[in-house]
>>> print(open('coords_17.pdb').read())   # PDB, C-alpha atoms
MODEL        1
ATOM      1  CA  MET A 268     -45.682 -48.343   4.795  1.00  0.00           C
ATOM      2  CA  SER A 269     -46.854 -44.773   5.141  1.00  0.00           C
ATOM      3  CA  VAL A 270     -48.577 -43.855   8.406  1.00  0.00           C
ATOM      4  CA  GLU A 271     -51.574 -41.561   8.699  1.00  0.00           C
ATOM      5  CA  VAL A 272     -50.417 -38.155   9.874  1.00  0.00           C
ATOM      6  CA  GLU A 273     -52.570 -35.177  10.567  1.00  0.00           C
ATOM      7  CA  VAL A 274     -50.768 -32.088   9.319  1.00  0.00           C
ATOM      8  CA  ASN A 275     -53.826 -29.946   8.790  1.00  0.00           C
ATOM      9  CA  GLU A 276     -54.507 -26.677   6.975  1.00  0.00           C
ATOM     10  CA  ASN A 277     -53.806 -24.672  10.135  1.00  0.00           C
ATOM     11  CA  ASP A 278     -50.424 -26.355  10.631  1.00  0.00           C
ATOM     12  CA  LEU A 279     -49.449 -25.733   7.019  1.00  0.00           C
ATOM     13  CA  ALA A 280     -50.745 -22.141   7.154  1.00  0.00           C
ATOM     14  CA  GLU A 281     -48.658 -21.486  10.262  1.00  0.00           C
ATOM     15  CA  MET A 282     -45.541 -22.872   8.564  1.00  0.00           C
ATOM     16  CA  VAL A 283     -46.147 -20.739   5.478  1.00  0.00           C
ATOM     17  CA  GLU A 284     -46.746 -17.637   7.613  1.00  0.00           C
ATOM     18  CA  GLN A 285     -43.424 -18.211   9.390  1.00  0.00           C
ATOM     19  CA  VAL A 286     -41.625 -18.493   6.040  1.00  0.00           C
ATOM     20  CA  TRP A 287     -43.345 -15.333   4.807  1.00  0.00           C
ATOM     21  CA  GLU A 288     -42.456 -13.346   7.915  1.00  0.00           C
ATOM     22  CA  SER A 289     -38.873 -14.623   8.001  1.00  0.00           C
ATOM     23  CA  TYR A 290     -37.861 -14.517   4.340  1.00  0.00           C
ATOM     24  CA  LEU A 291     -40.351 -12.846   2.017  1.00  0.00           C
ATOM     25  CA  ASP A 292     -42.056 -10.070   3.962  1.00  0.00           C
ATOM     26  CA  PRO A 293     -40.155  -9.367   7.197  1.00  0.00           C
ATOM     27  CA  GLU A 294     -41.564  -5.804   7.347  1.00  0.00           C
ATOM     28  CA  GLY A 295     -45.147  -7.085   7.131  1.00  0.00           C
ATOM     29  CA  ILE A 296     -45.949  -4.862   4.137  1.00  0.00           C
ATOM     30  CA  ASN A 297     -47.114  -7.527   1.634  1.00  0.00           C
ATOM     31  CA  PRO A 298     -48.594 -10.543   3.416  1.00  0.00           C
ATOM     32  CA  LEU A 299     -49.978 -13.544   1.585  1.00  0.00           C
ATOM     33  CA  ILE A 300     -53.735 -12.897   1.373  1.00  0.00           C
ATOM     34  CA  PRO A 301     -55.736 -16.163   1.500  1.00  0.00           C
ATOM     35  CA  THR A 302     -58.014 -16.927  -1.465  1.00  0.00           C
ATOM     36  CA  TYR A 303     -58.780 -20.578  -0.650  1.00  0.00           C
ATOM     37  CA  ASP A 304     -58.739 -21.220  -4.420  1.00  0.00           C
ATOM     38  CA  GLU A 305     -56.924 -24.517  -4.956  1.00  0.00           C
ATOM     39  CA  ASN A 306     -57.302 -24.120  -8.725  1.00  0.00           C
ATOM     40  CA  GLN A 307     -55.559 -20.769  -9.071  1.00  0.00           C
ATOM     41  CA  PRO A 308     -53.092 -20.539 -11.949  1.00  0.00           C
ATOM     42  CA  SER A 309     -49.351 -21.033 -11.649  1.00  0.00           C
ATOM     43  CA  GLU A 310     -46.459 -20.616 -14.053  1.00  0.00           C
ATOM     44  CA  VAL A 311     -43.652 -22.213 -12.027  1.00  0.00           C
ATOM     45  CA  HIS A 312     -43.433 -24.727  -9.205  1.00  0.00           C
ATOM     46  CA  SER A 313     -41.017 -26.496  -6.923  1.00  0.00           C
ATOM     47  CA  SER A 314     -41.477 -29.585  -4.805  1.00  0.00           C
ATOM     48  CA  VAL A 315     -39.844 -31.841  -2.272  1.00  0.00           C
ATOM     49  CA  SER A 316     -40.823 -35.437  -1.656  1.00  0.00           C
ATOM     50  CA  ILE A 317     -41.047 -37.131   1.711  1.00  0.00           C
ATOM     51  CA  SER A 318     -40.563 -40.867   2.007  1.00  0.00           C
ATOM     52  CA  GLY A 319     -40.219 -43.400   4.789  1.00  0.00           C
ATOM     53  CA  SER A 320     -42.683 -43.242   7.667  1.00  0.00           C
ATOM     54  CA  TRP A 321     -44.905 -40.974   5.540  1.00  0.00           C
ATOM     55  CA  THR A 322     -44.944 -40.643   1.761  1.00  0.00           C
ATOM     56  CA  GLY A 323     -45.964 -37.536  -0.118  1.00  0.00           C
ATOM     57  CA  HIS A 324     -44.965 -34.189  -1.605  1.00  0.00           C
ATOM     58  CA  ILE A 325     -44.903 -30.505  -0.721  1.00  0.00           C
ATOM     59  CA  VAL A 326     -45.468 -28.248  -3.752  1.00  0.00           C
ATOM     60  CA  TYR A 327     -44.820 -24.493  -3.935  1.00  0.00           C
ATOM     61  CA  ALA A 328     -46.438 -22.950  -7.030  1.00  0.00           C
ATOM     62  CA  CYS A 329     -46.791 -19.362  -8.195  1.00  0.00           C
ATOM     63  CA  SER A 330     -46.666 -16.935 -11.093  1.00  0.00           C
ATOM     64  CA  ILE A 331     -43.297 -16.090 -12.603  1.00  0.00           C
ATOM     65  CA  GLU A 332     -43.631 -12.559 -11.191  1.00  0.00           C
ATOM     66  CA  ALA A 333     -44.269 -13.883  -7.663  1.00  0.00           C
ATOM     67  CA  ALA A 334     -41.244 -16.172  -8.065  1.00  0.00           C
ATOM     68  CA  ARG A 335     -39.114 -13.200  -9.159  1.00  0.00           C
ATOM     69  CA  ARG A 336     -40.310 -11.128  -6.185  1.00  0.00           C
ATOM     70  CA  ALA A 337     -39.686 -14.035  -3.805  1.00  0.00           C
ATOM     71  CA  ALA A 338     -36.142 -14.464  -5.119  1.00  0.00           C
ATOM     72  CA  ALA A 339     -35.506 -10.714  -4.819  1.00  0.00           C
ATOM     73  CA  ALA A 340     -36.787 -10.631  -1.224  1.00  0.00           C
ATOM     74  CA  PHE A 341     -34.950 -13.815  -0.243  1.00  0.00           C
ATOM     75  CA  LEU A 342     -31.646 -12.662  -1.768  1.00  0.00           C
ATOM     76  CA  ALA A 343     -32.015  -8.952  -0.840  1.00  0.00           C
ATOM     77  CA  MET A 344     -31.849  -7.723  -4.440  1.00  0.00           C
ATOM     78  CA  GLU A 345     -34.072  -5.897  -6.882  1.00  0.00           C
ATOM     79  CA  PRO A 346     -36.510  -7.995  -8.948  1.00  0.00           C
ATOM     80  CA  ASP A 347     -34.856  -6.945 -12.222  1.00  0.00           C
ATOM     81  CA  GLU A 348     -31.502  -8.263 -10.907  1.00  0.00           C
ATOM     82  CA  VAL A 349     -32.855 -11.802 -10.371  1.00  0.00           C
ATOM     83  CA  SER A 350     -31.457 -14.376 -12.785  1.00  0.00           C
ATOM     84  CA  GLN A 351     -33.214 -17.581 -13.789  1.00  0.00           C
ATOM     85  CA  GLU A 352     -30.715 -19.479 -11.609  1.00  0.00           C
ATOM     86  CA  ASP A 353     -31.598 -17.258  -8.609  1.00  0.00           C
ATOM     87  CA  LEU A 354     -35.284 -17.864  -9.266  1.00  0.00           C
ATOM     88  CA  SER A 355     -34.770 -21.623  -9.429  1.00  0.00           C
ATOM     89  CA  ASP A 356     -32.582 -21.697  -6.298  1.00  0.00           C
ATOM     90  CA  VAL A 357     -35.073 -19.730  -4.217  1.00  0.00           C
ATOM     91  CA  LEU A 358     -38.113 -21.708  -5.390  1.00  0.00           C
ATOM     92  CA  GLY A 359     -36.307 -24.898  -4.412  1.00  0.00           C
ATOM     93  CA  GLU A 360     -35.296 -23.459  -1.063  1.00  0.00           C
ATOM     94  CA  LEU A 361     -38.856 -22.342  -0.251  1.00  0.00           C
ATOM     95  CA  ALA A 362     -40.188 -25.859  -0.941  1.00  0.00           C
ATOM     96  CA  ASN A 363     -37.312 -27.267   1.103  1.00  0.00           C
ATOM     97  CA  ILE A 364     -38.000 -25.004   4.106  1.00  0.00           C
ATOM     98  CA  VAL A 365     -41.720 -25.828   4.212  1.00  0.00           C
ATOM     99  CA  GLY A 366     -40.978 -29.505   3.540  1.00  0.00           C
ATOM    100  CA  GLY A 367     -38.477 -29.567   6.413  1.00  0.00           C
ATOM    101  CA  ASN A 368     -41.085 -28.092   8.742  1.00  0.00           C
ATOM    102  CA  VAL A 369     -43.624 -30.710   7.667  1.00  0.00           C
ATOM    103  CA  LYS A 370     -41.034 -33.489   8.113  1.00  0.00           C
ATOM    104  CA  ALA A 371     -40.399 -32.274  11.672  1.00  0.00           C
ATOM    105  CA  MET A 372     -44.056 -33.068  12.496  1.00  0.00           C
ATOM    106  CA  LEU A 373     -43.817 -36.625  11.159  1.00  0.00           C
ATOM    107  CA  PRO A 374     -42.824 -39.781  13.019  1.00  0.00           C
ATOM    108  CA  PRO A 375     -39.133 -40.768  12.952  1.00  0.00           C
ATOM    109  CA  GLY A 376     -38.020 -42.389   9.731  1.00  0.00           C
ATOM    110  CA  ALA A 377     -39.205 -39.709   7.302  1.00  0.00           C
ATOM    111  CA  PHE A 378     -36.707 -38.539   4.684  1.00  0.00           C
ATOM    112  CA  LEU A 379     -36.787 -35.338   2.633  1.00  0.00           C
ATOM    113  CA  SER A 380     -35.651 -35.314  -1.005  1.00  0.00           C
ATOM    114  CA  LEU A 381     -33.705 -32.609  -2.733  1.00  0.00           C
ATOM    115  CA  PRO A 382     -35.999 -29.987  -4.270  1.00  0.00           C
ATOM    116  CA  GLN A 383     -37.215 -30.273  -7.849  1.00  0.00           C
ATOM    117  CA  VAL A 384     -37.880 -26.987  -9.658  1.00  0.00           C
ATOM    118  CA  VAL A 385     -39.864 -26.742 -12.870  1.00  0.00           C
ATOM    119  CA  LEU A 386     -40.317 -23.460 -14.665  1.00  0.00           C
ATOM    120  CA  ALA A 387     -43.737 -24.605 -15.861  1.00  0.00           C
ATOM    121  CA  PRO A 388     -47.245 -24.609 -14.326  1.00  0.00           C
ATOM    122  CA  GLU A 389     -48.024 -26.892 -11.381  1.00  0.00           C
ATOM    123  CA  SER A 390     -50.532 -28.663 -13.614  1.00  0.00           C
ATOM    124  CA  THR A 391     -47.543 -30.168 -15.452  1.00  0.00           C
ATOM    125  CA  ALA A 392     -46.484 -31.961 -12.252  1.00  0.00           C
ATOM    126  CA  ARG A 393     -47.491 -35.579 -11.986  1.00  0.00           C
ATOM    127  CA  PHE A 394     -47.638 -37.291  -8.631  1.00  0.00           C
ATOM    128  CA  PRO A 395     -49.280 -40.658  -9.393  1.00  0.00           C
ATOM    129  CA  ASN A 396     -51.455 -42.201  -6.694  1.00  0.00           C
ATOM    130  CA  THR A 397     -51.571 -39.051  -4.584  1.00  0.00           C
ATOM    131  CA  GLU A 398     -54.290 -36.855  -3.201  1.00  0.00           C
ATOM    132  CA  ARG A 399     -54.073 -33.262  -2.074  1.00  0.00           C
ATOM    133  CA  ILE A 400     -54.610 -33.253   1.687  1.00  0.00           C
ATOM    134  CA  SER A 401     -53.850 -29.655   2.585  1.00  0.00           C
ATOM    135  CA  GLY A 402     -53.038 -26.360   0.986  1.00  0.00           C
ATOM    136  CA  VAL A 403     -52.529 -22.649   1.460  1.00  0.00           C
ATOM    137  CA  TYR A 404     -53.705 -20.612  -1.520  1.00  0.00           C
ATOM    138  CA  GLY A 405     -53.387 -16.884  -1.811  1.00  0.00           C
ATOM    139  CA  ILE A 406     -52.417 -13.690  -3.535  1.00  0.00           C
ATOM    140  CA  TRP A 407     -49.120 -11.999  -2.765  1.00  0.00           C
ATOM    141  CA  ASP A 408     -48.800  -8.451  -4.048  1.00  0.00           C
ATOM    142  CA  GLY A 409     -51.391  -9.237  -6.712  1.00  0.00           C
ATOM    143  CA  GLU A 410     -49.829 -12.554  -7.799  1.00  0.00           C
ATOM    144  CA  PRO A 411     -51.043 -16.143  -7.154  1.00  0.00           C
ATOM    145  CA  VAL A 412     -49.070 -18.358  -4.746  1.00  0.00           C
ATOM    146  CA  SER A 413     -49.939 -21.794  -3.386  1.00  0.00           C
ATOM    147  CA  ILE A 414     -48.292 -24.300  -1.105  1.00  0.00           C
ATOM    148  CA  SER A 415     -49.929 -27.717  -1.139  1.00  0.00           C
ATOM    149  CA  MET A 416     -49.358 -31.047   0.549  1.00  0.00           C
ATOM    150  CA  TRP A 417     -49.994 -34.326  -1.274  1.00  0.00           C
ATOM    151  CA  HIS A 418     -50.184 -37.772   0.336  1.00  0.00           C
ATOM    152  CA  SER A 419     -49.308 -40.943  -1.542  1.00  0.00           C
ATOM    153  CA  ARG A 420     -52.102 -43.498  -1.813  1.00  0.00           C
ATOM    154  CA  ALA A 421     -49.795 -46.268  -3.027  1.00  0.00           C
ATOM    155  CA  ASP A 422     -49.930 -48.131   0.284  1.00  0.00           C
ATOM    156  CA  ASN A 423     -53.712 -47.817   0.457  1.00  0.00           C
ATOM    157  CA  ASN A 424     -54.162 -49.119  -3.102  1.00  0.00           C
ATOM    158  CA  GLN A 425     -52.094 -52.217  -2.310  1.00  0.00           C
ATOM    159  CA  GLU A 426     -54.096 -52.854   0.865  1.00  0.00           C
ATOM    160  CA  ASP A 427     -57.393 -52.445  -1.018  1.00  0.00           C
ATOM    161  CA  GLY A 428     -56.245 -54.870  -3.701  1.00  0.00           C
ATOM    162  CA  ALA A 429     -56.230 -52.105  -6.340  1.00  0.00           C
TER     163      ALA A 429
ENDMDL
END
>>> encode(input="coords_17.pdb", output="structure tokens")
Amino acid sequence: MSVEVEVNENDLAEMVEQVWESYLDPEGINPLIPTYDENQPSEVHSSVSISGSWTGHIVYACSIEAARRAAAAFLAMEPDEVSQEDLSDVLGELANIVGGNVKAMLPPGAFLSLPQVVLAPESTARFPNTERISGVYGIWDGEPVSISMWHSRADNNQEDGA
């Protein structure tokens, strides 16, 4: 049964800022500028699932250009040198890093899945019986990026008789 955990917007924003400063913008030249628009477009996304003491998903979504720039920054290469495999690896790793930070705030017994990467918009992702509970939405160097947290309602539906 999943426990109620309060990982709020500020917690998630702090985790994302740490990732940005450590991996994507260590010089502080191109920070993620908040837009607070949870419906901004995306072309690619990656996710990790958490199960056990808490059940849900962490989803990293962005434009293909933001993904290419993230891979270039993460791997210390030029954007035009980034292969599709590099792009996929880095998107998965970014979801994994944020997911690991979220998991560290959860009670013992939470398990993190391997990342799933889909080179398609976040809207193609289906997480049945979930609700978005937190998110960081912004523009990075002119491109949309979002990191959202989804909580499974499966336990609640069973308790409510649904």
>>> residues_around(input="coords_17.pdb", residues="range 413-419 of chain A", least_positions_apart="2", cutoff="7 Å", atoms="all atoms listed in the file", output="list of chain:residue names")
A:Thr322, A:Gly323, A:His324, A:Ile325, A:Val326, A:Tyr327, A:Ala328, A:Cys329, A:Asn396, A:Thr397, A:Glu398, A:Arg399, A:Ile400, A:Ser401, A:Gly402, A:Val403, A:Tyr404, A:Gly405, A:Pro411, A:Ala421
>>> resolve_selection(input="coords_17.pdb", expression="the PyMOL selection byres ((chain A and resi 358-361) around 6)", output="list in words")
Ser313, Ser355, Asp356, Val357, Ala362, Asn363, Ile364, Pro382 and Val384 of chain A
>>> atom_distance(input="coords_17.pdb", atom1="CA of Gly319 in chain A", atom2="CA of Phe394 in chain A")
16.5 Å
>>> closest_residue(input="coords_17.pdb", among="A:Ser350, A:Thr302, A:Ser330, A:Gln285", to="Ala387 in chain A", atoms="all atoms listed in the file")
A:Ser330
>>> closest_residue(input="coords_17.pdb", among="A:Trp407, A:Ile296, A:Glu345, A:Lys370", to="Trp321 in chain A", atoms="only C-alpha atoms")
A:Lys370
